[in-house]
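Colleague: Got a structure for you, questions after.
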Amino acid sequence: MRYIPVILSLSALLSSCSSGDGSDKNETASNEATVTETDKIAEVTVMELQPTVFNHEIVSNGRVSAREKVDVNFQTPGLISAIHVRNGQRIAKGQRIASLDTYKLDNQIEKEQGAVASATLEMQDVLIGQGYDPAHPEKVPDDVMKLARLRSGLQQAELTLAATEKELDNTTLVAPVSGVVANLSAKPHNMSSASEPLCRIINDSGMEVEFSVLESELPMVRPGDKVAVTPFSTTDSRTGHVTEINPMVDDNGMVKVWAAVDGGGGLIDGMNVRVSVKRAVDKALVVPKSAVVLRSGRQVVFTLDGDKAMWNYVTTGLENLNEYTVTDGLTPGMTVITSGNVNLAHEAPVKIIRK
């Protein structure tokens, strides 16, 4: 019996230690649960929804072309004696491009000038035979002068000489417009081609871009709308405006549009570019694209109600690179959650932060 008190004392001690350890674990678990619950509160940014101006933007790919470009060639074939320009060279209207050899024409003109002189003497003899003084042609009646020119052959000789002189003028090819030389492949001492242009002159001071828009986007494009044209090779944009809209929809549901580019410097005929058509729309409910998330395949925007996120199905309308217009599901004055909404649920607690 002397061992019983000792056993009871040990049992009481163990029970006390066991009770103390369980209390500490429960308290720790409770604290961890509290911290975890606090961490689950999403941090969001918000904006007040009010009607504003929406800058609608349609982005398309297009191709640049010069509004004025001319293929030039010699009117008559011949041996090319000289090329005075090179590809990429900027030339002025009337500047020489190339020349043909004129040896045969020079000889022909010399002969025809002699024929005109001989016919002139013959005409004078005819006038003298009619009793008129060739030194005073103004006193010769018109019908007599006409007959004398025909009988002497002077009229035909002058016409032949004029045609040859015109042909001689055409042996020098000049630029019909100011611009840049392109597609020049001819070389001196080779025959010019009567079927292929010698080169092309591109007036790059007036450039235009052709692009296509979807049939559904056509109502948002009007002549005069501003455009930004950006070559794929650079990030420099040029401004312009829509000039023409083709009133036809092709088999792919696309409509062709043309826009003039203001100051086409740096653009090359045939260059591929990105075209952005911009138009301001008044009194639209506009939200950033980050505010719109997908739930079960539908667009959702979360709004703030107190400290909770409220789920709203919406219908978006127009869009640009950064924003949507909302046509249904939201009303002016709502506080829209613009970030931190990716994993939100309906009525989830949120905390507003400032950026």
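In the structure tokens, chains take letters A, B, ... by order of appearance, with residues numbered from 1 within each chain and ligands from 1 in the order shown.
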Hey, what does DSSP flag as alpha helix (DSSP H) within region 123-270 of chain A? Can you give it to me as an NGL selection string?

Modeller: :A and (123-129 or 142-152 or 154-169)

Colleague: Write out as an NGL selection string each polymer residue whose atoms come within 10 Å of Glu319 (chain A), counting only C-alpha atoms; drop sequence neighbours fewer than 3 positions from it.

Modeller: :A and (54-58 or 286-289 or 316 or 322-326)

Colleague: Which residues, written as a ChimeraX atom specification, have at least one atom at most 10 Å from region 244-258 of chain A, with only C-alpha atoms counted and residues fewer than 3 positions away on the same chain left out?

Modeller: /A:62-64,208-218,221-224,241,261

Colleague: Hey, what's within 12 Å of Glu122 (chain A) if we count only C-alpha atoms and toss same-chain stuff fewer than 2 positions away? As a list of chain:residue names, please?

Modeller: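 Contacts, with the query itself left out: A:Ala115, A:Val116, A:Ala117, A:Ser118, A:Ala119, A:Thr120, A:Gln124, A:Asp125, A:Val126, A:Leu127, A:Ile128, A:Gly129, A:Pro134, A:Ala148, A:Arg149, A:Leu150, A:Arg151, A:Ser152, A:Gly153, A:Leu154, A:Gln155, A:Ala157.
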
Colleague: Listing only residues of region 33-138 of chain A within 7 Å of region 345-354 of chain A, what is the closest atom pair and its distance in Å (to one decimal) for each, using only C-alpha atoms, sorted by chain and residue number ascending, as a Markdown table?

Modeller:
| residue | atom | partner | partner_atom | distance |
| --- | --- | --- | --- | --- |
| A:Ile41 | CA | A:Val350 | CA | 5.2 |
| A:Ala42 | CA | A:Val350 | CA | 4.8 |
| A:Glu43 | CA | A:Lys351 | CA | 4.7 |
| A:Val44 | CA | A:Ile352 | CA | 5.1 |
| A:Thr45 | CA | A:Ile353 | CA | 5.6 |

Colleague: Please produce a file of those selected residues containing N, CA and C atoms, as a compact mmCIF listing (two decimals), in the first residue's frame.

Modeller:
# COMPACT_ATOMS: atom_id res chain seq x y z
N ILE A 41 -7.95 37.81 -48.26
CA ILE A 41 -8.62 39.03 -48.70
C ILE A 41 -7.85 39.62 -49.88
N ALA A 42 -8.48 39.69 -51.03
CA ALA A 42 -7.82 40.15 -52.25
C ALA A 42 -7.62 41.65 -52.23
N GLU A 43 -6.48 42.08 -52.72
CA GLU A 43 -6.19 43.49 -52.85
C GLU A 43 -6.54 43.92 -54.28
N VAL A 44 -7.34 44.96 -54.41
CA VAL A 44 -7.85 45.38 -55.72
C VAL A 44 -7.68 46.88 -55.91
N THR A 45 -7.71 47.28 -57.18
CA THR A 45 -7.82 48.70 -57.51
C THR A 45 -9.19 48.94 -58.14

Colleague: From a DSSP pass on the backbone, collect the residues of region 113-214 of chain A flagged as strand (DSSP E) and hand them back as a list in words.

Modeller: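 Across region 113-214 of chain A, those assigned strand (DSSP E) are Thr172, Leu173, Val174, Gly179, Val180, Val181, Ala182, Cys199, Arg200, Ile201, Ile202, Asn203, Asp204, Ser205, Gly206, Met207, Glu208, Val209, Glu210, Phe211, Ser212, Val213 and Leu214 of chain A.
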
Colleague: Which of these, A:Arg298, A:Lys40, A:Arg90, A:Lys283, has the shortest distance to Val53 (chain A) once you count only C-alpha atoms?

Modeller: A:Lys283

Colleague: Give the answer as one residue: which of A:Ser276, A:Thr338, A:Asn183, A:Thr331 has the shortest atom-to-atom distance to Asp225 (chain A), using only C-alpha atoms?

Modeller: A:Ser276
